[in-house]
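A.B. asks: Have a look at this one before I ask anything.
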Amino acid sequence: MAEGSDRGPLRAPRGTHDVLWPQSSRWEAVVAGFAELARRWDFGLVLNPMFEESRLFRRGIGDESEVVGKEMYEFEDRGGRMLALRPEGTASVVRSFVEHRPPVPWKAWYVTPAFRYERAAAGRYRQHHQLGVEALGTDDPDLDVEVIALAAAFYAWLGLTRVELIVNSMGCPDCRPAYVEALRAHLDAHAGELCDEHRDRYVQNPLRVLDCKKPECRAATAEAPRLLDSLDEACAAHLARVRAGLDAVGVAHRIETRLVRGFDYYSRTTFEFTGLALEGAQNAVGGGGRYNGLVEQIGGPPTPGIGFGIGIERVLLACDAEGVFPAAPRPPDAFVVDLTGGEAARDLVAELRRAGLGAARAYDGRSLKSQMKQAGRSGAAVALIVGADELAAGTVTLRDLRHGTDQETVPRAAVLDRLRPQTEPPEKDPTP
């Protein structure tokens with residue numbers, strides 16, 4: 001049957017995926033943990049539209065990029081406006097800064113779906129989800145250290161130990177052009193050795209060849225000049241301060257001279273975290289850098305900025321590869337078993353929930369055996385059983401579901417007092 005036919009089962013679009021309970025509990029925990037760390041680092045949440053004017057991304061990312069040229073979901077709305085689904089998080093956050101002009105330094109974090117029409121693979125979807133931060137208004141290298149340290153703290157909180165941080169400098173508009181010309185000259189002499197993708201395209205943007213993972217380009221650039229050697233005094237001092245700061249706060253890193261960004265607005269610090277437990281060349285689990293020209297490119301005043309993005313799907317793959325951060329949904333505090341028609345369960349779960357406890361119950365008048373099986377599967381600490389005798393006496397039978405079949409009968413009014421001491425499990429503290 002042809003794809004898109006009106007007949008046959010409906011499925012999620014190709015390159016997307018559903019996340020169901022209990023796996024979705026990992027996503028809840030990921031976002032909550034990141035939010036708490038962002039709060040400690042003095043970042044506040046920003047919420048942006050999932051679609052923007054196409055020209056935002058054409059200005060911010062560039063028409064020549066594959067993201068805009070081949071991967072962006074672009075469409076004309078009923079008012080004749082050209083819009084696009086967000087392919088990444090930074091441009092929208094910067095646009096909101098330009099539009100609303102909050103006081104600087106402005107430190108924002110976000111969680112958002114992002115959309116790119118690309119070949120789906122493990123951890124790579126046409127709709128994926130990003131966590132990230134953006135900090136605008138200062139070029140202080142100590143802010144670079146804070147931003148990088150926040151990402152490192154997040155990976156540590158997840159329990160990841162096989163994550164490596166690589167750092168480089170993109171220089172600035174004063175020192176980078178001379179390097180680009182030197183790199184282009186080197187590539188001119190080795191053009192025939194480059195991969196098919198870059199054999200002609202390197203002329204427009206030589207820097208992208210350095211980031212190519214194909215063996216041909218890696219070999220052709222092995223002896224290429226290094227951007228690190230072309231930094232002017234100010235850029236070299238900025239990088240030195242960042243590296244010293246990372247050492248001071250205990251964030252291990254190494255210099256990787258191939259690490260570059262292909263757009264002109266990037267400057268100075270660039271960084272990437274790689275998941276060493278992931279197989280293949282595409283093992284990045286997050287990264288970012290300074291973009292001191294992006295605000296101007298979008299239409300705002302000269303404003304330095306720095307940020308990073310982390311793909312949730314990709315970072316959870318790294319967790320799976322290391323065997324950490326499993327799905328651990330919090331079970332209900334109590335499961336109500338009602339053998340008297342359902343009214344007692346209806347009223348008791350409502351009371352428990354008003355008191356701040358998690359409560360579950362069965363439906364459809366099931367038997368005691370069936371309800372107890374469901375109670376066991378729920379993971380609840382106790383079952384609260386209401387039969388005819390309990391209903392008449394105004395009592396409830398508490399059965400311990402985690403330590404055998406010990407049970408006792410207590411007055412209905414005493415249920416909350418009996419449950420509270422055993423239903424306050426400590427939450428995981430997102431501290432690195």
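As shown in the structure tokens, the chain order sets the letters A, B, ...; within each chain, residues go from 1, and ligands are also counted from 1 in the order they appear.
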Let's see if you can do this: from backbone DSSP, list all strand (DSSP E) residues in stretch 92-140 of chain A, as a list in words.
C.D. replies: Trp106, Lys107, Ala108, Trp109, Tyr110, Val111, Thr112, Pro113, Ala114, Phe115, Gln127, His128, His129, Gln130, Leu131, Gly132, Val133, Glu134, Ala135 and Leu136 of chain A
A.B. asks: Among the residues of stretch 71-254 of chain A, find those DSSP assigns to alpha helix (DSSP H) from the backbone and print them as number ranges by chain.
C.D. replies: A: 90-100, 141-158, 176-189, 198-201, 207-210, 215-220, 233-248
A.B. asks: Atoms to include: C-alpha atoms. Write the selected residues as a PDB file, in the first residue's frame.
C.D. replies:
```
ATOM      1  CA  THR A  90      19.091  29.834  19.247  1.00  0.00           C
ATOM      2  CA  ALA A  91      17.663  32.050  16.495  1.00  0.00           C
ATOM      3  CA  SER A  92      14.214  32.282  18.108  1.00  0.00           C
ATOM      4  CA  VAL A  93      15.658  33.175  21.510  1.00  0.00           C
ATOM      5  CA  VAL A  94      17.853  35.867  19.965  1.00  0.00           C
ATOM      6  CA  ARG A  95      14.900  37.210  17.961  1.00  0.00           C
ATOM      7  CA  SER A  96      12.896  37.559  21.179  1.00  0.00           C
ATOM      8  CA  PHE A  97      15.837  39.430  22.722  1.00  0.00           C
ATOM      9  CA  VAL A  98      15.972  41.832  19.774  1.00  0.00           C
ATOM     10  CA  GLU A  99      12.201  42.339  19.855  1.00  0.00           C
ATOM     11  CA  HIS A 100      11.748  42.867  23.599  1.00  0.00           C
ATOM     12  CA  PRO A 141      35.124  34.953  29.266  1.00  0.00           C
ATOM     13  CA  ASP A 142      33.974  34.036  32.768  1.00  0.00           C
ATOM     14  CA  LEU A 143      30.443  33.778  31.348  1.00  0.00           C
ATOM     15  CA  ASP A 144      31.779  31.267  28.809  1.00  0.00           C
ATOM     16  CA  VAL A 145      33.058  29.226  31.753  1.00  0.00           C
ATOM     17  CA  GLU A 146      29.667  29.363  33.492  1.00  0.00           C
ATOM     18  CA  VAL A 147      27.779  28.260  30.391  1.00  0.00           C
ATOM     19  CA  ILE A 148      30.118  25.340  29.719  1.00  0.00           C
ATOM     20  CA  ALA A 149      30.117  24.347  33.401  1.00  0.00           C
ATOM     21  CA  LEU A 150      26.303  24.245  33.389  1.00  0.00           C
ATOM     22  CA  ALA A 151      26.311  21.743  30.525  1.00  0.00           C
ATOM     23  CA  ALA A 152      29.009  19.676  32.234  1.00  0.00           C
ATOM     24  CA  ALA A 153      27.013  19.663  35.482  1.00  0.00           C
ATOM     25  CA  PHE A 154      23.952  18.402  33.609  1.00  0.00           C
ATOM     26  CA  TYR A 155      25.834  15.440  32.129  1.00  0.00           C
ATOM     27  CA  ALA A 156      27.262  14.632  35.564  1.00  0.00           C
ATOM     28  CA  TRP A 157      23.785  14.803  37.127  1.00  0.00           C
ATOM     29  CA  LEU A 158      22.539  12.284  34.560  1.00  0.00           C
ATOM     30  CA  ARG A 176      39.838  35.029  11.204  1.00  0.00           C
ATOM     31  CA  PRO A 177      39.751  36.301   7.560  1.00  0.00           C
ATOM     32  CA  ALA A 178      43.499  35.867   7.131  1.00  0.00           C
ATOM     33  CA  TYR A 179      43.254  32.318   8.463  1.00  0.00           C
ATOM     34  CA  VAL A 180      40.356  31.482   6.136  1.00  0.00           C
ATOM     35  CA  GLU A 181      42.409  32.597   3.156  1.00  0.00           C
ATOM     36  CA  ALA A 182      45.369  30.483   4.310  1.00  0.00           C
ATOM     37  CA  LEU A 183      43.087  27.473   4.728  1.00  0.00           C
ATOM     38  CA  ARG A 184      41.530  28.049   1.306  1.00  0.00           C
ATOM     39  CA  ALA A 185      44.983  28.120  -0.258  1.00  0.00           C
ATOM     40  CA  HIS A 186      45.809  24.810   1.427  1.00  0.00           C
ATOM     41  CA  LEU A 187      42.579  23.275   0.170  1.00  0.00           C
ATOM     42  CA  ASP A 188      43.212  24.585  -3.345  1.00  0.00           C
ATOM     43  CA  ALA A 189      46.353  22.450  -3.377  1.00  0.00           C
ATOM     44  CA  HIS A 198      33.416  19.431  -0.337  1.00  0.00           C
ATOM     45  CA  ARG A 199      35.445  19.114  -3.536  1.00  0.00           C
ATOM     46  CA  ASP A 200      33.697  22.159  -5.010  1.00  0.00           C
ATOM     47  CA  ARG A 201      31.917  23.684  -2.022  1.00  0.00           C
ATOM     48  CA  LEU A 207      35.986  26.028   7.541  1.00  0.00           C
ATOM     49  CA  ARG A 208      33.363  23.351   7.021  1.00  0.00           C
ATOM     50  CA  VAL A 209      35.951  20.995   5.566  1.00  0.00           C
ATOM     51  CA  LEU A 210      37.678  20.884   8.976  1.00  0.00           C
ATOM     52  CA  PRO A 215      38.494  10.021   5.761  1.00  0.00           C
ATOM     53  CA  GLU A 216      39.305  11.910   2.548  1.00  0.00           C
ATOM     54  CA  CYS A 217      38.809  15.323   4.120  1.00  0.00           C
ATOM     55  CA  ARG A 218      40.474  14.294   7.360  1.00  0.00           C
ATOM     56  CA  ALA A 219      43.581  13.236   5.460  1.00  0.00           C
ATOM     57  CA  ALA A 220      43.593  16.309   3.191  1.00  0.00           C
ATOM     58  CA  GLU A 233      46.276  38.896  21.161  1.00  0.00           C
ATOM     59  CA  ALA A 234      42.753  39.617  22.434  1.00  0.00           C
ATOM     60  CA  CYS A 235      41.319  36.316  21.184  1.00  0.00           C
ATOM     61  CA  ALA A 236      44.250  34.339  22.554  1.00  0.00           C
ATOM     62  CA  ALA A 237      43.798  36.008  25.949  1.00  0.00           C
ATOM     63  CA  HIS A 238      40.068  35.235  25.896  1.00  0.00           C
ATOM     64  CA  LEU A 239      40.728  31.560  25.225  1.00  0.00           C
ATOM     65  CA  ALA A 240      43.396  31.409  27.922  1.00  0.00           C
ATOM     66  CA  ARG A 241      40.984  32.898  30.468  1.00  0.00           C
ATOM     67  CA  VAL A 242      38.282  30.385  29.501  1.00  0.00           C
ATOM     68  CA  ARG A 243      40.645  27.440  29.838  1.00  0.00           C
ATOM     69  CA  ALA A 244      41.971  28.670  33.172  1.00  0.00           C
ATOM     70  CA  GLY A 245      38.394  29.114  34.394  1.00  0.00           C
ATOM     71  CA  LEU A 246      37.413  25.597  33.363  1.00  0.00           C
ATOM     72  CA  ASP A 247      40.409  24.231  35.225  1.00  0.00           C
ATOM     73  CA  ALA A 248      39.492  26.294  38.290  1.00  0.00           C
TER      74      ALA A 248
END
```
A.B. asks: Residues of stretch 127-240 of chain A that have any atom at most 7 Å from an atom of stretch 297-317 of chain A: could you tabulate them with the shortest-distance atom pair and the distance in Å to one decimal, using only C-alpha atoms, ordered by chain and increasing number, as a tab-separated table?
C.D. replies:
```
residue	atom	partner	partner_atom	distance
A:His128	CA	A:Glu313	CA	6.9
A:His129	CA	A:Ile312	CA	5.6
A:Gln130	CA	A:Gly311	CA	4.5
A:Leu131	CA	A:Ile310	CA	5.1
A:Gly132	CA	A:Gly309	CA	4.3
A:Val133	CA	A:Gly307	CA	5.2
A:Glu134	CA	A:Gly307	CA	4.2
A:Ala135	CA	A:Ile306	CA	5.4
A:Leu136	CA	A:Gly305	CA	4.2
A:Gly137	CA	A:Pro304	CA	5.4
A:Thr138	CA	A:Pro304	CA	5.6
A:Asp139	CA	A:Pro304	CA	5.6
A:Asp144	CA	A:Ile306	CA	6.9
A:Val147	CA	A:Gly307	CA	6.8
```
A.B. asks: Go ahead and write the selection's residues with N, CA and C atoms as a PDB file, in the first residue's frame.
C.D. replies:
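Writing the result to selection34.pdb gives the following:
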```pdb
ATOM      1  N   HIS A 128      12.910  16.532  16.683  1.00  0.00           N
ATOM      2  CA  HIS A 128      13.650  16.160  17.881  1.00  0.00           C
ATOM      3  C   HIS A 128      13.431  17.253  18.928  1.00  0.00           C
ATOM      4  N   HIS A 129      14.057  17.112  20.082  1.00  0.00           N
ATOM      5  CA  HIS A 129      13.790  18.022  21.185  1.00  0.00           C
ATOM      6  C   HIS A 129      15.109  18.515  21.770  1.00  0.00           C
ATOM      7  N   GLN A 130      15.149  19.794  22.024  1.00  0.00           N
ATOM      8  CA  GLN A 130      16.392  20.414  22.492  1.00  0.00           C
ATOM      9  C   GLN A 130      16.199  21.093  23.840  1.00  0.00           C
ATOM     10  N   LEU A 131      17.216  20.986  24.677  1.00  0.00           N
ATOM     11  CA  LEU A 131      17.412  21.831  25.841  1.00  0.00           C
ATOM     12  C   LEU A 131      18.558  22.775  25.518  1.00  0.00           C
ATOM     13  N   GLY A 132      18.485  23.988  26.014  1.00  0.00           N
ATOM     14  CA  GLY A 132      19.595  24.878  25.741  1.00  0.00           C
ATOM     15  C   GLY A 132      19.546  26.134  26.568  1.00  0.00           C
ATOM     16  N   VAL A 133      20.618  26.900  26.516  1.00  0.00           N
ATOM     17  CA  VAL A 133      20.692  28.203  27.175  1.00  0.00           C
ATOM     18  C   VAL A 133      21.292  29.208  26.206  1.00  0.00           C
ATOM     19  N   GLU A 134      20.938  30.472  26.404  1.00  0.00           N
ATOM     20  CA  GLU A 134      21.548  31.580  25.676  1.00  0.00           C
ATOM     21  C   GLU A 134      21.794  32.694  26.680  1.00  0.00           C
ATOM     22  N   ALA A 135      22.974  33.297  26.626  1.00  0.00           N
ATOM     23  CA  ALA A 135      23.321  34.406  27.513  1.00  0.00           C
ATOM     24  C   ALA A 135      23.828  35.554  26.651  1.00  0.00           C
ATOM     25  N   LEU A 136      23.163  36.702  26.746  1.00  0.00           N
ATOM     26  CA  LEU A 136      23.471  37.825  25.868  1.00  0.00           C
ATOM     27  C   LEU A 136      23.807  39.076  26.668  1.00  0.00           C
ATOM     28  N   GLY A 137      24.751  39.853  26.134  1.00  0.00           N
ATOM     29  CA  GLY A 137      25.025  41.158  26.714  1.00  0.00           C
ATOM     30  C   GLY A 137      26.417  41.368  27.250  1.00  0.00           C
ATOM     31  N   THR A 138      27.266  40.342  27.250  1.00  0.00           N
ATOM     32  CA  THR A 138      28.634  40.530  27.738  1.00  0.00           C
ATOM     33  C   THR A 138      29.578  39.574  27.025  1.00  0.00           C
ATOM     34  N   ASP A 139      30.792  40.034  26.814  1.00  0.00           N
ATOM     35  CA  ASP A 139      31.832  39.214  26.190  1.00  0.00           C
ATOM     36  C   ASP A 139      32.802  38.661  27.233  1.00  0.00           C
ATOM     37  N   ASP A 144      31.548  32.477  29.597  1.00  0.00           N
ATOM     38  CA  ASP A 144      31.779  31.267  28.809  1.00  0.00           C
ATOM     39  C   ASP A 144      31.993  30.069  29.736  1.00  0.00           C
ATOM     40  N   VAL A 147      28.653  28.959  31.338  1.00  0.00           N
ATOM     41  CA  VAL A 147      27.779  28.260  30.391  1.00  0.00           C
ATOM     42  C   VAL A 147      28.274  26.831  30.171  1.00  0.00           C
TER      43      VAL A 147
END
```
A.B. asks: Find the residues near stretch 11-22 of chain A: any atom within 8 Å, counting only C-alpha atoms, skip ones fewer than 3 places away on the same chain, and give them as a list in words.
C.D. replies: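 Final neighbour list, sorted by chain and number: Ser25, Arg26, Arg119, Ala120, Tyr125, Arg126, Gln127, His128, Ala327, Ala328 and Pro329 of chain A.
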A.B. asks: Restricting the output to N, CA and C atoms, write the selected residues as a PDB file, in the first residue's frame.
C.D. replies:
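In the end it all went to result32.pdb:
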```
ATOM      1  N   SER A  25       8.715   9.184  31.701  1.00  0.00           N
ATOM      2  CA  SER A  25       9.152   9.667  33.013  1.00  0.00           C
ATOM      3  C   SER A  25      10.605  10.135  32.961  1.00  0.00           C
ATOM      4  N   ARG A  26      11.411   9.533  32.084  1.00  0.00           N
ATOM      5  CA  ARG A  26      12.796   9.995  31.911  1.00  0.00           C
ATOM      6  C   ARG A  26      12.807  11.429  31.389  1.00  0.00           C
ATOM      7  N   ARG A 119      17.659  12.525   7.000  1.00  0.00           N
ATOM      8  CA  ARG A 119      17.532  11.072   7.087  1.00  0.00           C
ATOM      9  C   ARG A 119      17.509  10.649   8.536  1.00  0.00           C
ATOM     10  N   ALA A 120      16.449   9.947   8.911  1.00  0.00           N
ATOM     11  CA  ALA A 120      16.306   9.529  10.306  1.00  0.00           C
ATOM     12  C   ALA A 120      17.341   8.470  10.651  1.00  0.00           C
ATOM     13  N   TYR A 125      16.062  12.605  14.624  1.00  0.00           N
ATOM     14  CA  TYR A 125      14.684  12.572  14.146  1.00  0.00           C
ATOM     15  C   TYR A 125      14.344  13.859  13.404  1.00  0.00           C
ATOM     16  N   ARG A 126      13.315  13.782  12.561  1.00  0.00           N
ATOM     17  CA  ARG A 126      12.869  14.985  11.868  1.00  0.00           C
ATOM     18  C   ARG A 126      12.162  15.945  12.828  1.00  0.00           C
ATOM     19  N   GLN A 127      11.579  15.412  13.862  1.00  0.00           N
ATOM     20  CA  GLN A 127      11.207  16.240  15.009  1.00  0.00           C
ATOM     21  C   GLN A 127      11.985  15.720  16.198  1.00  0.00           C
ATOM     22  N   HIS A 128      12.910  16.532  16.683  1.00  0.00           N
ATOM     23  CA  HIS A 128      13.650  16.160  17.881  1.00  0.00           C
ATOM     24  C   HIS A 128      13.431  17.253  18.928  1.00  0.00           C
ATOM     25  N   ALA A 327      14.461   4.786  33.221  1.00  0.00           N
ATOM     26  CA  ALA A 327      13.115   5.289  33.497  1.00  0.00           C
ATOM     27  C   ALA A 327      12.733   4.849  34.899  1.00  0.00           C
ATOM     28  N   ALA A 328      12.361   5.793  35.731  1.00  0.00           N
ATOM     29  CA  ALA A 328      12.017   5.480  37.120  1.00  0.00           C
ATOM     30  C   ALA A 328      10.792   6.291  37.527  1.00  0.00           C
ATOM     31  N   PRO A 329       9.642   5.948  36.961  1.00  0.00           N
ATOM     32  CA  PRO A 329       8.435   6.711  37.311  1.00  0.00           C
ATOM     33  C   PRO A 329       8.089   6.543  38.777  1.00  0.00           C
TER      34      PRO A 329
END
```
A.B. asks: Leaving out A:Leu384 and any residue of its chain fewer than 3 positions from it, which residues lie within 6 Å of it when counting only C-alpha atoms, given as a list in words?
C.D. replies: Val336, Val337, Thr397 and Leu398 of chain A
A.B. asks: Quick one: write out the picked residues with N, CA and C atoms as a PDB file, in the first residue's frame?
C.D. replies:
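again20.pdb, freshly written:
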```
ATOM      1  N   VAL A 336      -6.272   2.008  45.904  1.00  0.00           N
ATOM      2  CA  VAL A 336      -7.527   1.750  46.611  1.00  0.00           C
ATOM      3  C   VAL A 336      -8.244   0.580  45.954  1.00  0.00           C
ATOM      4  N   VAL A 337      -8.530  -0.440  46.754  1.00  0.00           N
ATOM      5  CA  VAL A 337      -9.271  -1.621  46.301  1.00  0.00           C
ATOM      6  C   VAL A 337     -10.678  -1.543  46.918  1.00  0.00           C
ATOM      7  N   THR A 397      -8.723  -1.349  55.474  1.00  0.00           N
ATOM      8  CA  THR A 397      -7.642  -2.308  55.698  1.00  0.00           C
ATOM      9  C   THR A 397      -6.418  -1.892  54.886  1.00  0.00           C
ATOM     10  N   LEU A 398      -5.300  -1.691  55.568  1.00  0.00           N
ATOM     11  CA  LEU A 398      -4.035  -1.342  54.915  1.00  0.00           C
ATOM     12  C   LEU A 398      -3.207  -2.606  54.734  1.00  0.00           C
TER      13      LEU A 398
END
```
A.B. asks: Rounded to one decimal in Å, what is the spacing between atom CA of A:Thr257 and atom CA of A:Leu228?
C.D. replies: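 Between atom CA of A:Thr257 and atom CA of A:Leu228 the gap is 6.7 Å.
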A.B. asks: Counting only C-alpha atoms, which residues of stretch 98-206 of chain A fall within 7 Å of stretch 37-44 of chain A, and what is the closest atom pair for each with its distance in Å at one decimal, ordered by chain and rising number, as a Markdown table?
C.D. replies:
```
| residue | atom | partner | partner_atom | distance |
| --- | --- | --- | --- | --- |
| A:Lys107 | CA | A:Phe43 | CA | 4.8 |
| A:Ala108 | CA | A:Gly44 | CA | 4.9 |
| A:Trp109 | CA | A:Gly44 | CA | 5.8 |
```
A.B. asks: Residues near A:Val415, anyone? I mean within 10 Å using only C-alpha atoms, not counting same-chain ones fewer than 3 positions away, as a ChimeraX atom specification.
C.D. replies: /A:348,352,384,395-398,409-412,418-420
A.B. asks: Pull C-alpha atoms from the residues just selected and write them as a PDB file, in the first residue's frame.
C.D. replies:
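See selection-v5.pdb below for the written result:
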```pdb
ATOM      1  CA  LEU A 348     -10.987   7.967  49.042  1.00  0.00           C
ATOM      2  CA  LEU A 352      -5.719  11.315  49.123  1.00  0.00           C
ATOM      3  CA  LEU A 384      -6.267   0.388  50.926  1.00  0.00           C
ATOM      4  CA  THR A 395     -12.539   1.495  58.601  1.00  0.00           C
ATOM      5  CA  VAL A 396      -9.983   0.679  55.893  1.00  0.00           C
ATOM      6  CA  THR A 397      -7.642  -2.308  55.698  1.00  0.00           C
ATOM      7  CA  LEU A 398      -4.035  -1.342  54.915  1.00  0.00           C
ATOM      8  CA  THR A 409      -7.392  -2.297  59.934  1.00  0.00           C
ATOM      9  CA  VAL A 410      -7.489   1.400  60.853  1.00  0.00           C
ATOM     10  CA  PRO A 411     -10.262   3.971  61.230  1.00  0.00           C
ATOM     11  CA  ARG A 412     -11.133   5.709  57.971  1.00  0.00           C
ATOM     12  CA  ARG A 418      -0.772   6.502  58.569  1.00  0.00           C
ATOM     13  CA  LEU A 419       0.295   7.121  54.974  1.00  0.00           C
ATOM     14  CA  ARG A 420       2.216  10.383  55.183  1.00  0.00           C
TER      15      ARG A 420
END
```
A.B. asks: Ranking A:Glu71, A:Glu118, A:Asp77, A:Glu343 by minimum distance to A:Glu52 and counting only C-alpha atoms, which one comes first?
C.D. replies: A:Asp77
A.B. asks: Leaving out A:Ile255 and any residue of its chain fewer than 5 positions from it, which residues lie within 10 Å of it when counting only C-alpha atoms, given as a ChimeraX atom specification?
C.D. replies: /A:165-169,228,243,271
A.B. asks: From the options A:Leu160, A:Trp106, A:Arg346, A:Ala380, which residue's atoms come nearest to A:Arg402, counting only C-alpha atoms?
C.D. replies: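 Going through A:Leu160, A:Trp106, A:Arg346, A:Ala380 one by one, the smallest distance to A:Arg402 is for A:Ala380.
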A.B. asks: For each of A:Gly365, A:Pro326, A:Gly123, A:Gly192, take the minimum atom-to-atom distance to A:Glu279, counting only C-alpha atoms, then give the residue where this is smallest.
C.D. replies: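 When distances to A:Glu279 are compared using only C-alpha atoms, the smallest one comes from A:Gly123.
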A.B. asks: At a cut-off of 12 Å, using only C-alpha atoms, what residues contact A:Asp364? Leave out same-chain residues fewer than 3 positions from it and give the result as a list in words.
C.D. replies: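 The residues that qualify are Val337, Asp338, Leu339, Thr340, Gly341, Gly342, Glu343, Ala345, Arg361, Ser367, Ser370 and Gln371 of chain A.
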A.B. asks: How would the residues just picked look written out with C-alpha atoms as an mmCIF file, in the first residue's frame?
C.D. replies:
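Output (selection.cif):
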```
data_model
loop_
_atom_site.group_PDB
_atom_site.id
_atom_site.type_symbol
_atom_site.label_atom_id
_atom_site.label_comp_id
_atom_site.auth_asym_id
_atom_site.auth_seq_id
_atom_site.Cartn_x
_atom_site.Cartn_y
_atom_site.Cartn_z
ATOM 1 C CA VAL A 337 -9.271 -1.621 46.301
ATOM 2 C CA ASP A 338 -13.053 -1.219 46.536
ATOM 3 C CA LEU A 339 -15.394 -4.214 46.788
ATOM 4 C CA THR A 340 -18.518 -2.168 47.550
ATOM 5 C CA GLY A 341 -19.440 -0.707 44.163
ATOM 6 C CA GLY A 342 -16.807 1.969 43.539
ATOM 7 C CA GLU A 343 -18.139 4.929 45.532
ATOM 8 C CA ALA A 345 -12.749 4.274 45.949
ATOM 9 C CA ARG A 361 -7.740 2.570 41.743
ATOM 10 C CA SER A 367 -12.870 -8.901 41.612
ATOM 11 C CA SER A 370 -7.999 -8.742 39.832
ATOM 12 C CA GLN A 371 -7.734 -5.506 41.797
#
```
A.B. asks: Go ahead and compute the interatomic distance for atom CA of A:Met50 and atom CA of A:Met72, in Å to one decimal.
C.D. replies: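 Separation between atom CA of A:Met50 and atom CA of A:Met72: 12.6 Å.
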A.B. asks: Rounded to one decimal, what separation in Å do you get between atom CA of A:Ala388 and atom CA of A:Ala413?
C.D. replies: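 Rounded to one decimal, the two atoms are 17.2 Å apart.
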